[in-house]
>>> print(open('run03.tsv').read())   # TSV, C-alpha atoms
chain	number	residue	atom	x	y	z
P	1	MET	CA	-4.79	-5.74	2.22
P	2	ARG	CA	-6.15	-3.57	5.00
P	3	ILE	CA	-4.18	-2.40	8.02
P	4	ASP	CA	-5.42	-0.26	10.89
P	5	PHE	CA	-2.17	1.56	11.40
P	6	ASP	CA	-0.94	2.65	14.78
P	7	PRO	CA	0.90	5.82	13.72
P	8	ALA	CA	3.18	5.62	16.78
P	9	VAL	CA	4.75	2.38	15.48
P	10	PRO	CA	7.01	2.33	12.41
P	11	ILE	CA	4.79	1.73	9.38
P	12	TYR	CA	7.13	-0.71	7.65
P	13	LEU	CA	7.05	-2.97	10.73
P	14	GLN	CA	3.25	-2.98	10.69
P	15	ILE	CA	3.26	-3.98	7.02
P	16	ILE	CA	5.68	-6.84	7.81
P	17	ASP	CA	3.50	-7.94	10.75
P	18	GLU	CA	0.38	-8.05	8.58
P	19	ILE	CA	2.09	-10.10	5.88
P	20	LYS	CA	3.48	-12.47	8.51
P	21	ARG	CA	0.04	-12.79	10.03
P	22	GLN	CA	-1.34	-13.69	6.61
P	23	VAL	CA	1.39	-16.27	6.14
P	24	ALA	CA	0.87	-17.75	9.62
P	25	THR	CA	-2.90	-17.99	9.17
P	26	GLY	CA	-2.65	-19.46	5.68
P	27	VAL	CA	-4.13	-16.48	3.78
P	28	LEU	CA	-0.81	-16.37	1.96
P	29	ALA	CA	0.83	-19.69	1.07
P	30	ALA	CA	4.41	-20.58	0.15
P	31	GLY	CA	5.12	-19.34	-3.38
P	32	ASP	CA	2.25	-16.80	-3.45
P	33	LYS	CA	2.90	-13.52	-5.16
P	34	LEU	CA	2.75	-10.29	-3.16
P	35	PRO	CA	1.25	-7.12	-4.65
P	36	SER	CA	3.72	-4.84	-6.40
P	37	GLN	CA	5.26	-2.23	-4.12
P	38	ARG	CA	3.48	0.58	-5.94
P	39	ASP	CA	0.07	-1.11	-5.78
P	40	LEU	CA	0.40	-1.90	-2.09
P	41	ALA	CA	1.54	1.66	-1.38
P	42	ALA	CA	-1.52	3.08	-3.15
P	43	GLU	CA	-3.81	0.62	-1.39
P	44	LEU	CA	-2.46	1.41	2.07
P	45	HIS	CA	-1.98	5.15	1.38
P	46	VAL	CA	1.66	4.93	2.34
P	47	ASN	CA	4.84	6.07	0.68
P	48	ALA	CA	6.23	3.50	-1.82
P	49	ASN	CA	9.64	3.76	-0.12
P	50	THR	CA	8.05	2.45	3.10
P	51	VAL	CA	6.69	-0.63	1.30
P	52	GLN	CA	10.08	-1.11	-0.31
P	53	ARG	CA	11.70	-1.08	3.12
P	54	ALA	CA	9.20	-3.68	4.40
P	55	TYR	CA	9.87	-5.95	1.40
P	56	ARG	CA	13.63	-5.53	1.70
P	57	GLU	CA	13.50	-6.39	5.39
P	58	MET	CA	11.40	-9.55	4.75
P	59	GLU	CA	13.82	-10.55	2.04
P	60	ALA	CA	16.72	-10.24	4.47
P	61	GLU	CA	14.80	-12.42	6.93
P	62	GLY	CA	14.24	-15.01	4.19
P	63	LEU	CA	10.46	-14.75	4.29
P	64	VAL	CA	10.09	-13.50	0.72
P	65	GLU	CA	12.16	-13.60	-2.43
P	66	THR	CA	12.21	-11.12	-5.28
P	67	LEU	CA	12.62	-12.45	-8.79
P	68	ARG	CA	13.89	-9.88	-11.22
P	69	GLY	CA	11.11	-8.66	-13.46
P	70	GLN	CA	8.54	-10.98	-11.92
P	71	GLY	CA	7.81	-9.59	-8.50
P	72	THR	CA	8.05	-10.61	-4.87
P	73	PHE	CA	6.93	-14.03	-3.65
P	74	ILE	CA	6.49	-15.77	-0.31
P	75	CYS	CA	9.43	-18.14	0.01
P	76	GLN	CA	8.84	-21.63	-1.44
P	77	ASP	CA	10.33	-23.33	1.61
P	78	PRO	CA	7.43	-24.65	3.78
P	79	ASN	CA	9.70	-24.40	6.85
P	80	VAL	CA	9.57	-20.64	6.48
P	81	VAL	CA	5.80	-20.66	6.92
P	82	GLU	CA	6.12	-22.88	10.00
P	83	LYS	CA	8.85	-20.65	11.40
P	84	THR	CA	6.73	-17.53	10.87
P	85	ARG	CA	3.83	-19.18	12.66
P	86	GLY	CA	6.12	-20.17	15.54
P	87	GLU	CA	7.52	-16.65	15.86
P	88	MET	CA	4.05	-15.23	15.92
P	89	ILE	CA	2.93	-17.64	18.65
P	90	ASN	CA	6.01	-16.86	20.75
P	91	LYS	CA	5.40	-13.15	20.39
P	92	LEU	CA	1.74	-13.47	21.40
P	93	VAL	CA	2.69	-15.48	24.47
P	94	ALA	CA	5.44	-13.03	25.44
P	95	ASP	CA	3.08	-10.05	24.96
P	96	PHE	CA	0.38	-11.78	26.98
P	97	ILE	CA	2.70	-12.54	29.87
P	98	ARG	CA	4.03	-8.99	29.88
P	99	SER	CA	0.52	-7.53	29.93
P	100	MET	CA	-0.62	-9.86	32.70
P	101	ARG	CA	2.44	-9.04	34.82
P	102	SER	CA	1.86	-5.33	34.30
P	103	LEU	CA	-1.64	-5.88	35.72
P	104	GLY	CA	0.00	-7.30	38.82
P	105	CYS	CA	-0.64	-11.02	38.19
P	106	SER	CA	1.88	-13.47	39.64
P	107	ASP	CA	3.16	-16.29	37.43
P	108	ASP	CA	1.12	-18.78	39.43
P	109	SER	CA	-2.07	-16.82	38.94
P	110	ILE	CA	-1.34	-16.39	35.22
P	111	LEU	CA	-1.05	-20.17	34.92
P	112	ALA	CA	-4.21	-20.70	36.94
P	113	LEU	CA	-6.12	-18.17	34.85
P	114	ILE	CA	-4.97	-19.80	31.63
P	115	LYS	CA	-6.12	-23.18	32.86
P	116	LEU	CA	-9.43	-21.71	33.86
P	117	GLY	CA	-9.80	-20.03	30.47
P	118	LEU	CA	-8.78	-23.18	28.61
P	119	GLY	CA	-11.20	-25.25	30.65
P	120	LYS	CA	-14.06	-23.08	29.55
P	121	ASN	CA	-12.97	-23.33	25.96
P	122	GLU	CA	-11.84	-26.94	26.05
P	123	GLU	CA	-14.38	-28.11	23.53
P	124	ILE	CA	-13.48	-25.40	21.06
P	125	PHE	CA	-9.79	-26.13	21.43
P	126	GLU	CA	-10.29	-29.83	20.92
P	127	LYS	CA	-12.32	-29.25	17.78
P	128	ARG	CA	-9.46	-27.20	16.38
P	129	GLY	CA	-6.98	-29.93	17.21
P	130	VAL	CA	-4.93	-27.88	19.67
P	131	LYS	CA	-3.29	-30.10	22.25
P	132	LYS	CA	-3.45	-28.84	25.80
P	133	ASN	CA	0.15	-29.79	26.47
P	134	ASP	CA	1.53	-27.77	23.56
N	1	MET	CA	31.01	18.49	-6.98
N	2	THR	CA	27.38	17.72	-6.16
N	3	ASP	CA	26.55	15.13	-3.60
N	4	GLN	CA	24.28	12.74	-5.48
N	5	LYS	CA	22.57	11.70	-2.28
N	6	TYR	CA	21.03	15.12	-1.74
N	7	ILE	CA	18.95	17.06	-4.23
N	8	VAL	CA	18.66	20.20	-2.09
N	9	GLU	CA	21.34	21.55	0.23
N	10	ILE	CA	20.67	24.54	2.43
N	11	ALA	CA	23.26	26.29	4.59
N	12	GLY	CA	22.86	29.21	6.99
N	13	LEU	CA	19.71	30.44	5.29
N	14	ARG	CA	18.25	33.68	6.69
N	15	LYS	CA	15.39	35.84	5.52
N	16	ARG	CA	14.02	38.77	7.44
N	17	TYR	CA	10.77	40.53	6.69
N	18	PRO	CA	10.02	43.87	8.41
N	19	GLY	CA	9.67	43.05	12.10
N	20	VAL	CA	10.06	39.26	11.79
N	21	ASP	CA	12.77	36.71	11.14
N	22	ALA	CA	10.99	34.41	8.69
N	23	LEU	CA	14.03	32.13	8.45
N	24	ASP	CA	16.61	32.32	11.20
N	25	GLY	CA	19.54	30.16	10.07
N	26	ILE	CA	18.38	27.01	8.33
N	27	ASP	CA	20.73	24.11	7.57
N	28	LEU	CA	19.18	21.17	5.75
N	29	LYS	CA	19.98	18.41	3.32
N	30	ILE	CA	17.07	16.88	1.43
N	31	THR	CA	17.64	13.28	0.38
N	32	ARG	CA	16.89	12.47	-3.22
N	33	GLY	CA	13.94	10.16	-3.96
N	34	GLU	CA	12.02	10.86	-0.77
N	35	ILE	CA	8.82	12.57	0.30
N	36	TRP	CA	9.58	15.20	2.95
N	37	GLY	CA	7.02	16.74	5.28
N	38	LEU	CA	7.74	20.37	6.15
N	39	LEU	CA	5.72	20.72	9.33
N	40	GLY	CA	5.01	23.69	11.53
N	41	PRO	CA	2.29	26.09	12.64
N	42	ASN	CA	1.36	29.20	10.67
N	43	GLY	CA	4.16	31.73	10.64
N	44	SER	CA	6.93	29.20	11.30
N	45	GLY	CA	8.58	29.95	7.94
N	46	LYS	CA	7.39	26.97	5.86
N	47	SER	CA	6.24	29.03	2.88
N	48	THR	CA	9.30	31.25	2.87
N	49	LEU	CA	11.57	28.21	2.93
N	50	LEU	CA	9.76	26.58	-0.01
N	51	LYS	CA	9.88	29.84	-1.95
N	52	CYS	CA	13.63	30.14	-1.32
N	53	ILE	CA	14.09	26.63	-2.71
N	54	ALA	CA	11.90	27.48	-5.70
N	55	GLY	CA	14.00	30.60	-6.27
N	56	LEU	CA	11.01	32.90	-5.81
N	57	VAL	CA	12.34	34.57	-2.68
N	58	LYS	CA	15.91	35.80	-2.39
N	59	PRO	CA	17.43	35.06	1.02
N	60	ASP	CA	19.29	37.76	2.96
N	61	SER	CA	22.19	35.39	3.61
N	62	GLY	CA	23.12	31.74	3.35
N	63	GLN	CA	22.50	29.60	0.33
N	64	VAL	CA	20.30	27.05	-1.35
N	65	THR	CA	21.55	24.70	-4.01
N	66	ILE	CA	19.55	22.32	-6.19
N	67	ASN	CA	21.67	19.59	-7.75
N	68	GLY	CA	24.63	21.71	-6.74
N	69	SER	CA	23.48	24.90	-8.48
N	70	LYS	CA	21.92	28.06	-7.08
N	71	PRO	CA	18.24	28.57	-8.02
N	72	SER	CA	18.18	29.90	-11.57
N	73	ARG	CA	16.37	29.45	-14.83
N	74	LYS	CA	18.17	26.14	-15.16
N	75	THR	CA	17.12	24.78	-11.77
N	76	LYS	CA	13.58	26.10	-12.22
N	77	SER	CA	13.00	23.65	-15.04
N	78	ALA	CA	13.68	20.85	-12.55
N	79	VAL	CA	11.33	22.25	-9.91
N	80	ALA	CA	7.53	22.32	-9.78
N	81	PHE	CA	6.19	24.71	-7.15
N	82	VAL	CA	2.50	24.62	-6.24
N	83	PRO	CA	1.73	27.72	-4.18
N	84	GLU	CA	-0.84	27.90	-1.41
N	85	ILE	CA	-2.59	30.85	-3.04
N	86	ASP	CA	-5.07	30.12	-5.75
N	87	HIS	CA	-3.38	31.07	-9.00
N	88	LEU	CA	-6.02	29.67	-11.37
N	89	TYR	CA	-8.08	31.85	-13.73
N	90	ASN	CA	-11.80	31.76	-12.97
N	91	TRP	CA	-12.92	32.25	-16.55
N	92	MET	CA	-11.11	29.19	-17.89
N	93	THR	CA	-12.42	25.66	-17.89
N	94	VAL	CA	-10.43	22.90	-16.20
N	95	GLN	CA	-9.07	21.68	-19.55
N	96	GLN	CA	-8.26	25.22	-20.72
N	97	THR	CA	-6.34	25.79	-17.51
N	98	LEU	CA	-4.24	22.68	-18.11
N	99	ASN	CA	-3.68	23.50	-21.79
N	100	PHE	CA	-2.63	27.03	-20.85
N	101	ILE	CA	-0.19	25.99	-18.12
N	102	SER	CA	1.21	23.03	-20.06
N	103	ALA	CA	2.31	25.38	-22.84
N	104	PHE	CA	4.97	26.79	-20.49
N	105	TYR	CA	6.67	23.45	-19.90
N	106	ASP	CA	8.55	21.07	-22.16
N	107	ASP	CA	8.25	18.25	-19.67
N	108	TRP	CA	4.44	18.25	-19.40
N	109	GLN	CA	3.02	14.70	-19.52
N	110	LYS	CA	-0.33	14.79	-21.28
N	111	GLU	CA	-1.09	11.17	-20.44
N	112	ARG	CA	-0.40	11.66	-16.76
N	113	GLU	CA	-2.51	14.83	-16.80
N	114	GLN	CA	-5.50	12.83	-18.09
N	115	GLU	CA	-4.89	10.03	-15.60
N	116	LEU	CA	-4.78	12.53	-12.73
N	117	LEU	CA	-7.89	14.38	-13.94
N	118	GLU	CA	-9.80	11.15	-13.90
N	119	PHE	CA	-8.45	10.06	-10.53
N	120	MET	CA	-9.29	13.44	-9.03
N	121	LYS	CA	-12.81	13.19	-10.51
N	122	LEU	CA	-12.47	16.57	-12.19
N	123	ASP	CA	-14.74	17.41	-15.11
N	124	PRO	CA	-12.51	18.99	-17.79
N	125	ARG	CA	-15.43	21.04	-19.17
N	126	LYS	CA	-16.26	22.73	-15.88
N	127	LYS	CA	-15.39	26.37	-15.36
N	128	VAL	CA	-12.83	27.03	-12.65
N	129	SER	CA	-15.20	29.63	-11.12
N	130	THR	CA	-17.77	26.89	-10.41
N	131	LEU	CA	-15.33	24.55	-8.64
N	132	SER	CA	-15.49	24.06	-4.86
N	133	LYS	CA	-12.40	24.83	-2.80
N	134	GLY	CA	-11.58	21.11	-2.61
N	135	MET	CA	-11.89	20.71	-6.37
N	136	ARG	CA	-9.64	23.73	-6.98
N	137	ALA	CA	-7.04	22.17	-4.67
N	138	ARG	CA	-7.29	18.93	-6.66
N	139	LEU	CA	-6.77	20.86	-9.91
N	140	LYS	CA	-3.69	22.58	-8.46
N	141	LEU	CA	-2.26	19.17	-7.63
N	142	VAL	CA	-2.89	17.96	-11.19
N	143	VAL	CA	-0.93	20.99	-12.37
N	144	GLY	CA	1.93	20.23	-9.96
N	145	LEU	CA	2.19	16.54	-10.75
N	146	SER	CA	1.72	16.52	-14.52
N	147	ARG	CA	5.29	17.54	-15.17
N	148	ASN	CA	8.37	15.35	-15.02
N	149	SER	CA	9.90	17.53	-12.33
N	150	GLU	CA	12.74	16.18	-10.27
N	151	LEU	CA	11.64	18.26	-7.33
N	152	VAL	CA	8.00	18.96	-6.46
N	153	LEU	CA	7.22	21.59	-3.83
N	154	LEU	CA	3.67	21.63	-2.50
N	155	ASP	CA	2.78	24.53	-0.22
N	156	GLU	CA	-0.13	23.62	2.09
N	157	PRO	CA	-1.92	21.40	-0.46
N	158	LEU	CA	-4.53	20.42	2.16
N	159	SER	CA	-5.33	23.66	3.93
N	160	GLY	CA	-9.02	24.46	4.26
N	161	ILE	CA	-10.14	21.44	2.29
N	162	ASP	CA	-12.90	18.93	3.02
N	163	PRO	CA	-11.85	15.44	4.22
N	164	SER	CA	-12.83	13.62	1.02
N	165	SER	CA	-10.66	15.91	-1.09
N	166	ARG	CA	-7.85	15.51	1.44
N	167	ASP	CA	-8.01	11.74	1.03
N	168	ARG	CA	-7.98	12.00	-2.76
N	169	ILE	CA	-5.03	14.35	-2.71
N	170	VAL	CA	-3.01	12.13	-0.37
N	171	GLU	CA	-3.75	9.06	-2.48
N	172	GLY	CA	-3.01	11.01	-5.67
N	173	ILE	CA	0.41	11.90	-4.29
N	174	VAL	CA	1.12	8.28	-3.30
N	175	ARG	CA	0.10	7.01	-6.74
N	176	GLN	CA	2.03	9.55	-8.76
N	177	PHE	CA	5.21	9.70	-6.73
N	178	ARG	CA	8.16	8.15	-8.60
N	179	SER	CA	10.88	7.68	-6.01
N	180	GLU	CA	13.52	6.68	-8.56
N	181	LYS	CA	13.45	10.11	-10.19
N	182	GLN	CA	11.50	12.44	-7.96
N	183	THR	CA	11.72	14.21	-4.62
N	184	MET	CA	8.81	15.95	-2.97
N	185	ILE	CA	8.59	18.51	-0.18
N	186	LEU	CA	5.13	19.14	1.19
N	187	SER	CA	4.37	21.79	3.77
N	188	THR	CA	1.39	21.36	6.05
N	189	HIS	CA	0.02	21.64	9.54
N	190	ALA	CA	-2.40	18.78	8.81
N	191	VAL	CA	0.03	16.18	10.13
N	192	ASP	CA	-2.59	13.59	11.01
N	193	GLU	CA	-3.85	13.11	7.45
N	194	THR	CA	-0.41	13.05	5.88
N	195	GLU	CA	1.36	10.99	8.56
N	196	ARG	CA	1.92	7.91	6.37
N	197	LEU	CA	3.17	9.88	3.39
N	198	TYR	CA	6.59	10.88	4.64
N	199	ASP	CA	10.02	9.38	4.44
N	200	SER	CA	11.42	12.28	6.39
N	201	VAL	CA	10.07	15.26	8.28
N	202	ILE	CA	11.23	18.72	9.29
N	203	PHE	CA	9.64	20.45	12.26
N	204	LEU	CA	10.03	24.17	11.74
N	205	SER	CA	9.57	26.59	14.61
N	206	GLU	CA	10.07	30.36	14.45
N	207	GLY	CA	12.28	30.09	11.40
N	208	ARG	CA	14.48	27.33	12.78
N	209	VAL	CA	14.69	23.59	12.32
N	210	HIS	CA	13.49	22.06	15.55
N	211	ILE	CA	13.69	18.38	14.57
N	212	SER	CA	14.50	16.74	11.26
N	213	GLY	CA	15.00	13.16	10.22
N	214	SER	CA	13.48	9.90	9.07
N	215	ALA	CA	9.83	9.54	10.11
N	216	GLU	CA	10.24	5.85	10.94
N	217	GLU	CA	13.38	6.48	13.02
N	218	LEU	CA	11.56	9.22	14.93
N	219	ARG	CA	8.70	6.78	15.61
N	220	ILE	CA	11.19	4.23	16.92
N	221	LYS	CA	13.03	6.80	19.03
N	222	HIS	CA	10.01	8.50	20.60
N	223	SER	CA	7.35	5.75	20.32
N	224	LYS	CA	5.10	8.51	19.06
N	225	SER	CA	3.33	9.33	15.85
N	226	MET	CA	4.44	12.38	13.88
N	227	ASN	CA	1.16	13.99	14.91
N	228	GLU	CA	1.79	13.40	18.63
N	229	LEU	CA	5.34	14.66	18.23
N	230	PHE	CA	4.01	17.72	16.40
N	231	LYS	CA	1.59	18.49	19.23
N	232	GLU	CA	4.35	18.04	21.78
N	233	VAL	CA	6.81	20.29	19.96
N	234	TYR	CA	4.31	23.08	19.45
N	235	ALA	CA	2.39	22.81	22.71
>>> encode(input="run03.tsv", output="structure tokens")
Amino acid sequence: MRIDFDPAVPIYLQIIDEIKRQVATGVLAAGDKLPSQRDLAAELHVNANTVQRAYREMEAEGLVETLRGQGTFICQDPNVVEKTRGEMINKLVADFIRSMRSLGCSDDSILALIKLGLGKNEEIFEKRGVKKND
Amino acid sequence: MTDQKYIVEIAGLRKRYPGVDALDGIDLKITRGEIWGLLGPNGSGKSTLLKCIAGLVKPDSGQVTINGSKPSRKTKSAVAFVPEIDHLYNWMTVQQTLNFISAFYDDWQKEREQELLEFMKLDPRKKVSTLSKGMRARLKLVVGLSRNSELVLLDEPLSGIDPSSRDRIVEGIVRQFRSEKQTMILSTHAVDETERLYDSVIFLSEGRVHISGSAEELRIKHSKSMNELFKEVYA
């Protein structure tokens, strides 16, 4: 795992985000094993306590489960993967809208710009099976 | 009764050297099982504070306790202090140095020593006098981490060292740190390179604690990295 850390954002949250991204994009599937806390800490050059906090937090959210003596796994429940993907999409949309508004775009112009952008990329979107009305 | 949560407790600590207050009333509690960054510019009192904890400097007033006891022969066996000054003998080889130092400690871990030597890419047959500054710093870290110490104090382990050795040292610390039975306090002004290492930080300024607390909480509170906060505090 590789993360370009933003040191102004809590590190454990960035570790959670990366694992969620991997779940949402299918790099990690339901039931997959995560690296041990110590290994991930060494790989990312972060304190093992920080990785522990990230794992604990994901466990509380129900994204991962820790089996005593066996390690930490992405939850078996396929709904969890779908939910993670949904959360990620919602966050991207919310971030996008916030950024556009901060640049002074009205809601109407945001919509118009999205349509324009989608129009240009219509073919690509259709190939990927994304419905325009989603 | 000792508070199990804290390994080191410091209250009202003062130390004055001729013409300067090195420590001007320090109150601190160091949580067990964490890596602490002791941050501050030169002359802010970092070294003096570490030496007081190690029991190498006697404070003028106030007190330090380690596991509830004042620094003594008994607490010293629980503490590994790696000084900033180079205390290695030039005429020894790397392996001779480790054999020599290990003879002083019952808790020396030979296996870990070998693991660290390899990780630090140190040639055990090389003479200390032929090592670069970065390699000497790596050797000092091997010395500090080869024991089963409950408390490891590293004084400026990165000062004046090339970036590749800095990286190795930071990764070496991450790999060797055993949070279930170890606590580490590391003093430095190289905050950028060590940013991701800390559970908690202390910003020391003119012998006083300016800020202390959990690194992640400070990031949440200020939306700033430790390095940015450091620059702001000492601007």
>>> atom_distance(input="run03.tsv", atom1="atom CA of N:Asn148", atom2="atom CA of N:Asp107")
5.5 Å
>>> atom_distance(input="run03.tsv", atom1="atom CA of N:Phe81", atom2="atom CA of N:Val128")
19.9 Å
>>> interface_residues(input="run03.tsv", of="chain P", to="chain N", cutoff="10 Å", atoms="all atoms listed in the file", output="list in words")
Phe5, Asp6, Pro7, Ala8, Val9, Pro10, Ile11, Tyr12, Leu13, Arg38, Asp39, Ala41, Ala42, Glu43, Leu44, His45, Val46, Asn47, Ala48, Asn49 and Thr50 of chain P
>>> write_last_selection(input="run03.tsv", atoms="C-alpha atoms", output="CSV table (one decimal), in the frame of the given file")
chain,number,residue,atom,x,y,z
P,5,PHE,CA,-2.2,1.6,11.4
P,6,ASP,CA,-0.9,2.6,14.8
P,7,PRO,CA,0.9,5.8,13.7
P,8,ALA,CA,3.2,5.6,16.8
P,9,VAL,CA,4.8,2.4,15.5
P,10,PRO,CA,7.0,2.3,12.4
P,11,ILE,CA,4.8,1.7,9.4
P,12,TYR,CA,7.1,-0.7,7.6
P,13,LEU,CA,7.0,-3.0,10.7
P,38,ARG,CA,3.5,0.6,-5.9
P,39,ASP,CA,0.1,-1.1,-5.8
P,41,ALA,CA,1.5,1.7,-1.4
P,42,ALA,CA,-1.5,3.1,-3.2
P,43,GLU,CA,-3.8,0.6,-1.4
P,44,LEU,CA,-2.5,1.4,2.1
P,45,HIS,CA,-2.0,5.2,1.4
P,46,VAL,CA,1.7,4.9,2.3
P,47,ASN,CA,4.8,6.1,0.7
P,48,ALA,CA,6.2,3.5,-1.8
P,49,ASN,CA,9.6,3.8,-0.1
P,50,THR,CA,8.0,2.4,3.1
>>> atom_distance(input="run03.tsv", atom1="atom CA of N:Val233", atom2="atom CA of N:Ala190")
14.5 Å
>>> residues_around(input="run03.tsv", residues="N:Gly43", least_positions_apart="3", cutoff="12 Å", atoms="only C-alpha atoms", output="MDAnalysis selection string")
chainID N and resid 17 20:23 39:40 46:49 188:189 204:208
>>> residues_around(input="run03.tsv", residues="stretch 113-125 of chain N", least_positions_apart="4", cutoff="7 Å", atoms="all atoms listed in the file", output="PyMOL selection string")
chain N and resi 93-95+109+138+142+146+168
>>> write_last_selection(input="run03.tsv", atoms="C-alpha atoms", output="short mmCIF file (atom, residue, chain, number, x, y, z; two decimals), in the coordinates of the input")
data_model
loop_
_atom_site.label_atom_id
_atom_site.label_comp_id
_atom_site.auth_asym_id
_atom_site.auth_seq_id
_atom_site.Cartn_x
_atom_site.Cartn_y
_atom_site.Cartn_z
CA THR N 93 -12.42 25.66 -17.89
CA VAL N 94 -10.43 22.90 -16.20
CA GLN N 95 -9.07 21.68 -19.55
CA GLN N 109 3.02 14.70 -19.52
CA ARG N 138 -7.29 18.93 -6.66
CA VAL N 142 -2.89 17.96 -11.19
CA SER N 146 1.72 16.52 -14.52
CA ARG N 168 -7.98 12.00 -2.76
#
>>> closest_residue(input="run03.tsv", among="P:Ala112, P:Ser36, P:Arg56, P:Val27", to="P:Gly69", atoms="only C-alpha atoms")
P:Ser36
>>> closest_residue(input="run03.tsv", among="P:Leu40, P:Arg21, P:Ala30, P:Arg2", to="P:Gly62", atoms="all atoms listed in the file")
P:Ala30
>>> residues_around(input="run03.tsv", residues="N:Glu156", least_positions_apart="2", cutoff="8 Å", atoms="all atoms listed in the file", output="number ranges by chain")
N: 83-84, 154, 158-159, 186-189
>>> closest_residue(input="run03.tsv", among="N:Glu9, N:Ser214, N:Arg147, N:Gln182", to="N:Lys110", atoms="all atoms listed in the file")
N:Arg147
>>> residues_around(input="run03.tsv", residues="N:Lys127", least_positions_apart="6", cutoff="12 Å", atoms="only C-alpha atoms", output="ChimeraX atom specification")
/N:88-97,135-136,139
>>> residues_around(input="run03.tsv", residues="P:Asp77", least_positions_apart="5", cutoff="12 Å", atoms="all atoms listed in the file", output="count of residues only")
11
>>> axis_aligned_box(input="run03.tsv", around="stretch 206-213 of chain N", padding_each_side="8 Å", output="JSON")
{"center_x": 12.5, "center_y": 21.8, "center_z": 12.9, "size_x": 20.9, "size_y": 33.2, "size_z": 21.3}
